[in-house]
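Enquirer: Hey, dropping input-v4.csv in here, CSV, C-alpha atoms (C1' of nucleotides):
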```csv
chain,number,residue,atom,x,y,z
B,1,MET,CA,6.2,-4.7,18.8
B,2,ASN,CA,6.4,-3.2,15.4
B,3,TYR,CA,5.1,-0.1,13.7
B,4,TRP,CA,3.6,0.2,10.2
B,5,LEU,CA,1.9,2.5,7.9
B,6,MET,CA,-1.1,1.4,5.8
B,7,LYS,CA,-2.8,3.3,3.0
B,8,SER,CA,-6.5,3.4,2.3
B,9,GLU,CA,-8.6,5.4,-0.1
B,10,PRO,CA,-11.2,7.2,2.0
B,11,ASP,CA,-13.7,7.0,-0.8
B,12,ALA,CA,-13.5,3.2,-0.7
B,13,PHE,CA,-12.8,2.5,3.0
B,14,GLY,CA,-11.5,5.2,5.3
B,15,LEU,CA,-10.8,5.6,9.0
B,16,ASP,CA,-14.4,6.5,9.7
B,17,ASP,CA,-15.5,3.3,8.1
B,18,LEU,CA,-13.1,1.3,10.2
B,19,ALA,CA,-14.4,3.0,13.4
B,20,ALA,CA,-18.0,2.1,12.4
B,21,ARG,CA,-17.3,-1.6,12.0
B,22,PRO,CA,-18.4,-4.2,14.5
B,23,ASP,CA,-15.7,-4.4,17.2
B,24,ARG,CA,-14.1,-1.6,15.1
B,25,THR,CA,-12.2,-4.3,13.2
B,26,GLU,CA,-11.9,-5.2,9.6
B,27,PRO,CA,-10.1,-7.9,7.6
B,28,TRP,CA,-7.6,-6.0,5.4
B,29,ASP,CA,-8.1,-7.9,2.2
B,30,GLY,CA,-7.0,-7.0,-1.3
B,31,VAL,CA,-3.3,-6.6,-0.8
B,32,ARG,CA,-1.8,-7.9,-4.1
B,33,ASN,CA,1.8,-6.8,-3.9
B,34,TYR,CA,4.5,-9.2,-2.8
B,35,GLN,CA,6.5,-6.8,-0.7
B,36,ALA,CA,3.4,-5.8,1.2
B,37,ARG,CA,2.3,-9.5,1.4
B,38,ASN,CA,5.6,-10.5,2.9
B,39,MET,CA,5.3,-7.9,5.6
B,40,LEU,CA,1.8,-8.9,6.4
B,41,ARG,CA,2.5,-12.6,6.5
B,42,ASP,CA,6.0,-12.7,8.1
B,43,ALA,CA,6.4,-9.6,10.3
B,44,MET,CA,3.0,-8.3,11.5
B,45,ARG,CA,1.9,-9.4,14.9
B,46,PRO,CA,-1.3,-8.7,16.9
B,47,GLY,CA,-0.8,-5.5,18.8
B,48,ASP,CA,1.5,-3.9,16.3
B,49,GLN,CA,0.6,-0.2,15.8
B,50,ILE,CA,-0.4,1.3,12.5
B,51,LEU,CA,-0.4,4.8,11.1
B,52,PHE,CA,-3.6,5.0,9.1
B,53,TYR,CA,-3.0,6.9,5.9
B,54,HIS,CA,-5.6,8.3,3.4
B,55,SER,CA,-4.5,8.3,-0.2
B,56,ASN,CA,-6.1,9.5,-3.5
B,57,CYS,CA,-8.0,12.2,-1.8
B,58,THR,CA,-8.0,16.0,-1.3
B,59,VAL,CA,-5.4,16.1,1.5
B,60,PRO,CA,-3.5,12.8,1.5
B,61,GLY,CA,-1.9,12.2,4.9
B,62,VAL,CA,-1.9,10.3,8.2
B,63,VAL,CA,-5.3,10.6,9.8
B,64,GLY,CA,-5.3,8.1,12.7
B,65,ILE,CA,-4.0,5.1,14.5
B,66,ALA,CA,-5.0,1.5,14.2
B,67,GLU,CA,-3.6,-1.8,15.4
B,68,VAL,CA,-3.0,-5.3,14.1
B,69,ALA,CA,-5.8,-7.4,15.5
B,70,SER,CA,-5.0,-10.9,14.2
B,71,ASP,CA,-2.2,-13.1,12.9
B,72,ALA,CA,-2.0,-13.3,9.1
B,73,TYR,CA,-4.2,-15.8,7.4
B,74,PRO,CA,-5.1,-16.5,3.7
B,75,ASP,CA,-7.1,-13.8,1.9
B,76,SER,CA,-10.1,-15.8,0.7
B,77,THR,CA,-11.2,-13.0,-1.7
B,78,ALA,CA,-8.4,-14.2,-4.0
B,79,PHE,CA,-10.3,-17.4,-4.5
B,80,ASP,CA,-13.6,-15.8,-5.3
B,81,PRO,CA,-14.2,-15.2,-9.0
B,82,GLU,CA,-16.8,-12.6,-8.2
B,83,ALA,CA,-14.4,-10.6,-5.9
B,84,LYS,CA,-12.7,-7.5,-7.1
B,85,TYR,CA,-9.3,-8.8,-6.2
B,86,PHE,CA,-9.8,-12.4,-7.5
B,87,ASP,CA,-6.5,-14.0,-8.5
B,88,PRO,CA,-6.9,-17.3,-10.4
B,89,LYS,CA,-3.3,-18.1,-9.6
B,90,SER,CA,-3.9,-18.2,-5.9
B,91,ASP,CA,-4.6,-21.8,-5.0
B,92,PRO,CA,-6.6,-22.5,-1.7
B,93,GLU,CA,-4.2,-25.4,-1.1
B,94,LYS,CA,-1.2,-23.0,-1.4
B,95,PRO,CA,-2.5,-19.4,-0.9
B,96,ARG,CA,-0.6,-16.6,-2.5
B,97,TRP,CA,-2.2,-13.7,-0.7
B,98,TYR,CA,-2.7,-13.1,3.0
B,99,LEU,CA,-4.4,-10.5,5.2
B,100,VAL,CA,-4.4,-9.4,8.8
B,101,GLU,CA,-7.4,-7.9,10.7
B,102,VAL,CA,-7.0,-4.2,11.6
B,103,ARG,CA,-8.7,-2.5,14.6
B,104,TYR,CA,-9.4,1.2,15.0
B,105,VAL,CA,-7.6,2.9,17.8
B,106,ARG,CA,-8.2,6.7,17.4
B,107,HIS,CA,-8.3,9.7,15.1
B,108,LEU,CA,-5.4,12.1,15.2
B,109,LYS,CA,-6.3,15.6,16.4
B,110,ARG,CA,-5.4,16.8,13.0
B,111,THR,CA,-4.3,15.4,9.6
B,112,LEU,CA,-0.6,15.1,9.2
B,113,SER,CA,-0.5,15.8,5.4
B,114,LEU,CA,1.9,14.2,3.0
B,115,ALA,CA,3.2,17.7,2.3
B,116,GLU,CA,4.0,18.3,5.9
B,117,LEU,CA,5.7,14.9,6.2
B,118,LYS,CA,7.7,15.6,3.0
B,119,ALA,CA,9.1,18.7,4.6
B,120,HIS,CA,11.2,16.3,6.8
B,121,ALA,CA,12.3,14.1,3.9
B,122,ASP,CA,15.9,15.2,4.3
B,123,GLY,CA,15.7,15.2,8.0
B,124,ALA,CA,14.0,13.0,10.6
B,125,LEU,CA,12.1,11.1,7.9
B,126,ALA,CA,15.0,10.5,5.5
B,127,GLY,CA,14.6,7.0,4.2
B,128,PHE,CA,10.9,6.7,5.0
B,129,PRO,CA,9.4,5.2,1.9
B,130,LEU,CA,6.2,7.4,2.1
B,131,VAL,CA,8.1,10.6,1.4
B,132,ARG,CA,10.0,9.2,-1.6
B,133,ASN,CA,8.7,10.0,-5.0
B,134,GLY,CA,6.6,7.4,-6.8
B,135,ASN,CA,6.3,5.1,-3.8
B,136,ARG,CA,3.4,2.7,-4.3
B,137,LEU,CA,3.7,0.5,-1.3
B,138,SER,CA,0.4,0.2,0.5
B,139,VAL,CA,2.0,-1.3,3.6
B,140,MET,CA,5.4,-0.1,4.9
B,141,PRO,CA,7.4,-0.4,8.1
B,142,VAL,CA,7.9,2.6,10.4
B,143,THR,CA,10.8,2.7,12.7
B,144,PRO,CA,10.2,3.6,16.4
B,145,GLU,CA,12.1,6.9,15.8
B,146,GLN,CA,9.9,7.7,12.8
B,147,TRP,CA,6.8,6.8,14.7
B,148,ASP,CA,7.7,9.1,17.6
B,149,PHE,CA,8.7,11.9,15.3
B,150,ILE,CA,5.4,11.7,13.3
B,151,LEU,CA,3.2,11.6,16.3
B,152,ALA,CA,5.0,14.5,17.9
B,153,LEU,CA,3.9,16.6,15.0
B,154,GLU,CA,0.3,16.0,16.0
B,155,SER,CA,0.6,18.3,19.0
B,156,GLU,CA,2.3,21.1,17.0
B,157,THR,CA,0.2,23.8,15.4
B,158,ASP,CA,0.4,23.5,11.7
W,1,DG,C1',-7.3,14.2,-16.2
W,2,DC,C1',-2.3,13.9,-16.5
W,3,DC,C1',1.7,11.7,-15.9
W,4,DA,C1',5.8,9.8,-13.3
W,5,DA,C1',7.1,5.8,-11.0
W,6,DC,C1',7.4,1.2,-10.8
W,7,DG,C1',5.7,-3.7,-10.5
W,8,DT,C1',4.3,-7.5,-13.5
W,9,DT,C1',3.9,-10.0,-17.7
W,10,DG,C1',5.3,-12.4,-21.6
W,11,DG,C1',8.0,-12.8,-25.9
W,12,DC,C1',12.3,-14.1,-27.2
U,1,DG,C1',17.3,-13.9,-18.0
U,2,DC,C1',16.5,-9.6,-20.5
U,3,DC,C1',13.6,-6.0,-21.4
U,4,DA,C1',9.7,-3.7,-23.8
U,5,DA,C1',4.9,-3.3,-23.2
U,6,DC,C1',1.4,-2.7,-20.2
U,7,DG,C1',-1.3,-1.8,-16.0
U,8,DT,C1',-1.8,0.4,-11.6
U,9,DT,C1',-0.9,3.7,-8.0
U,10,DG,C1',-1.4,8.0,-6.4
U,11,DG,C1',0.1,13.0,-6.2
U,12,DC,C1',-1.0,17.0,-8.2
```
Output the file's structure in the form of structure tokens.

Expert:
Amino acid sequence: MNYWLMKSEPDAFGLDDLAARPDRTEPWDGVRNYQARNMLRDAMRPGDQILFYHSNCTVPGVVGIAEVASDAYPDSTAFDPEAKYFDPKSDPEKPRWYLVEVRYVRHLKRTLSLAELKAHADGALAGFPLVRNGNRLSVMPVTPEQWDFILALESETD
DNA sequence: GCCAACGTTGGC
DNA sequence: GCCAACGTTGGC
């Protein structure tokens, strides 16, 4: 089993929105970055655990846990001229973009803010892409050690 | 709203 | 294949 972090803008689709979905599951469409695509398509498996991260908001940070709920399959929004993430270069016969379905697991007891995580950028979280400047990856791998460290912060008083 | 980081595009 | 221009992400 693998661990991941996925970003979402709470104004567009946040953890509460995921929890409110039928079966608490949502197809994670709109990924249009090759690095992220490769991880979705080639490495994610059902049951993989996800740190759910809120970006572009008052307190960016990890707010909950989700899990991968399907194998990767082509992102059909890329074929739809009306869709926000339409990509005319993605051919249904040879899809360029993929998605996985994501299922809500739980909210964290408190938000683990980016600022708090960054305090460990030279320690336990050295090498974690999220705490590097200018990182724009919306999907990134998390090592088991990073996963355990981050979730241990949940029980600490901030 | 600003701006740094960085991925993508396209001219050559 | 280089690289400048451009667009987007996302923290602040």

Enquirer: Using only C-alpha atoms (C1' of nucleotides), I'd like a table of the residues in chain B that come within 8 Å of chain U; for each, show the closest atom pair and its distance in Å rounded to one decimal, ordered by chain and ascending number, as CSV.

Expert:
```
residue,atom,partner,partner_atom,distance
B:Ser55,CA,U:DG10,C1',6.9
B:Asn56,CA,U:DG10,C1',5.7
B:Arg136,CA,U:DT9,C1',5.8
```

Enquirer: Would you list the contacts of B:Ala69 as a list of chain:residue names, taking every protein, DNA or RNA residue within 8 Å and counting all atoms listed in the file, but skipping same-chain residues closer than 3 positions in sequence?

Expert: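 After dropping sequence-adjacent residues, the list is B:Thr25, B:Arg45, B:Pro46, B:Gly47, B:Val100, B:Glu101, B:Val102, B:Arg103.
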
Enquirer: Which value, in Å to one decimal, gives the distance between atom CA of B:Trp4 and atom CA of B:Ala36?

Expert: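 Value for the atom CA of B:Trp4-atom CA of B:Ala36 distance: 10.8 Å.
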
Enquirer: Please measure the separation of atom CA of B:Ser8 and atom CA of B:Gly127, giving the value in Å to one decimal.

Expert: 21.5 Å

Enquirer: Would you mind listing what lies within 10 Å of B:Pro92 as a PDB file with C-alpha atoms, keeping the file's coordinate frame, with all atoms listed in the file counted and same-chain residues fewer than 4 positions away left out?

Expert:
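Written file, part.pdb:
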```pdb
ATOM      1  CA  PRO B  74      -5.100 -16.500   3.700  1.00  0.00           C
ATOM      2  CA  ASP B  75      -7.100 -13.800   1.900  1.00  0.00           C
ATOM      3  CA  SER B  76     -10.100 -15.800   0.700  1.00  0.00           C
ATOM      4  CA  ALA B  78      -8.400 -14.200  -4.000  1.00  0.00           C
ATOM      5  CA  PHE B  79     -10.300 -17.400  -4.500  1.00  0.00           C
ATOM      6  CA  ARG B  96      -0.600 -16.600  -2.500  1.00  0.00           C
ATOM      7  CA  TRP B  97      -2.200 -13.700  -0.700  1.00  0.00           C
TER       8      TRP B  97
END
```

Enquirer: Between atom CA of B:Leu125 and atom CA of B:Met140, what is the distance in Å, rounded to a tenth?

Expert: 13.4 Å

Enquirer: Which polymer residues, protein or nucleic acid, are no farther than 6 Å from (-0.7, 2.1, 12.5), counting all atoms listed in the file, as a ChimeraX atom specification?

Expert: /B:4-5,49-52,65-67

Enquirer: Could you give me, as a ChimeraX atom specification, the residues that sit within 12 Å of (2.5, 15.0, 14.5) in the file's coordinates, counting all atoms listed in the file?

Expert: /B:51,61-65,108-114,116-117,120,146-158

Enquirer: With distances taken over all atoms listed in the file, which of B:Ala124, B:Ala72, B:Gln35, B:Gly30 is nearest to B:Lys84?

Expert: B:Gly30

Enquirer: May I ask you to restore N, CA, C and O atoms in stretch 51-68 of chain B and write the result as a compact mmCIF listing (two decimals), in the coordinates of the input?

Expert:
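Written file, selection31.txt:
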```
# COMPACT_ATOMS: atom_id res chain seq x y z
N LEU B 51 0.01 3.48 11.52
CA LEU B 51 -0.40 4.80 11.10
C LEU B 51 -1.38 4.62 9.94
O LEU B 51 -1.07 3.97 8.95
N PHE B 52 -2.57 5.17 10.09
CA PHE B 52 -3.60 5.00 9.10
C PHE B 52 -3.59 6.17 8.13
O PHE B 52 -3.79 7.33 8.52
N TYR B 53 -3.31 5.89 6.85
CA TYR B 53 -3.00 6.90 5.90
C TYR B 53 -4.13 6.97 4.80
O TYR B 53 -4.51 5.92 4.28
N HIS B 54 -4.59 8.16 4.50
CA HIS B 54 -5.60 8.30 3.40
C HIS B 54 -4.88 8.75 2.13
O HIS B 54 -4.19 9.77 2.11
N SER B 55 -5.08 7.98 1.07
CA SER B 55 -4.50 8.30 -0.20
C SER B 55 -5.58 8.62 -1.24
O SER B 55 -6.76 8.36 -1.01
N ASN B 56 -5.15 9.20 -2.37
CA ASN B 56 -6.10 9.50 -3.50
C ASN B 56 -7.25 10.33 -3.02
O ASN B 56 -8.40 10.04 -3.33
N CYS B 57 -6.94 11.39 -2.30
CA CYS B 57 -8.00 12.20 -1.80
C CYS B 57 -7.50 13.69 -1.73
O CYS B 57 -6.35 13.96 -2.10
N THR B 58 -8.35 14.59 -1.28
CA THR B 58 -8.00 16.00 -1.30
C THR B 58 -6.72 16.33 -0.58
O THR B 58 -5.84 17.00 -1.10
N VAL B 59 -6.64 15.86 0.66
CA VAL B 59 -5.40 16.10 1.50
C VAL B 59 -4.89 14.71 1.91
O VAL B 59 -5.29 14.20 2.95
N PRO B 60 -4.04 14.10 1.10
CA PRO B 60 -3.50 12.80 1.50
C PRO B 60 -2.62 13.00 2.77
O PRO B 60 -1.89 13.99 2.88
N GLY B 61 -2.74 12.06 3.70
CA GLY B 61 -1.90 12.20 4.90
C GLY B 61 -2.36 11.14 5.96
O GLY B 61 -3.30 10.37 5.77
N VAL B 62 -1.63 11.17 7.09
CA VAL B 62 -1.90 10.30 8.20
C VAL B 62 -3.08 10.89 9.00
O VAL B 62 -3.02 12.04 9.42
N VAL B 63 -4.14 10.09 9.17
CA VAL B 63 -5.30 10.60 9.80
C VAL B 63 -5.65 9.93 11.17
O VAL B 63 -6.49 10.41 11.93
N GLY B 64 -4.99 8.81 11.44
CA GLY B 64 -5.30 8.10 12.70
C GLY B 64 -4.40 6.96 12.98
O GLY B 64 -3.40 6.74 12.29
N ILE B 65 -4.77 6.24 14.03
CA ILE B 65 -4.00 5.10 14.50
C ILE B 65 -4.90 3.87 14.54
O ILE B 65 -6.06 3.96 14.96
N ALA B 66 -4.34 2.76 14.09
CA ALA B 66 -5.00 1.50 14.20
C ALA B 66 -4.04 0.47 14.74
O ALA B 66 -2.89 0.82 15.01
N GLU B 67 -4.51 -0.76 14.93
CA GLU B 67 -3.60 -1.80 15.40
C GLU B 67 -3.89 -3.11 14.71
O GLU B 67 -5.02 -3.35 14.27
N VAL B 68 -2.86 -3.94 14.62
CA VAL B 68 -3.00 -5.30 14.10
C VAL B 68 -3.84 -6.10 15.06
O VAL B 68 -3.50 -6.14 16.24
```
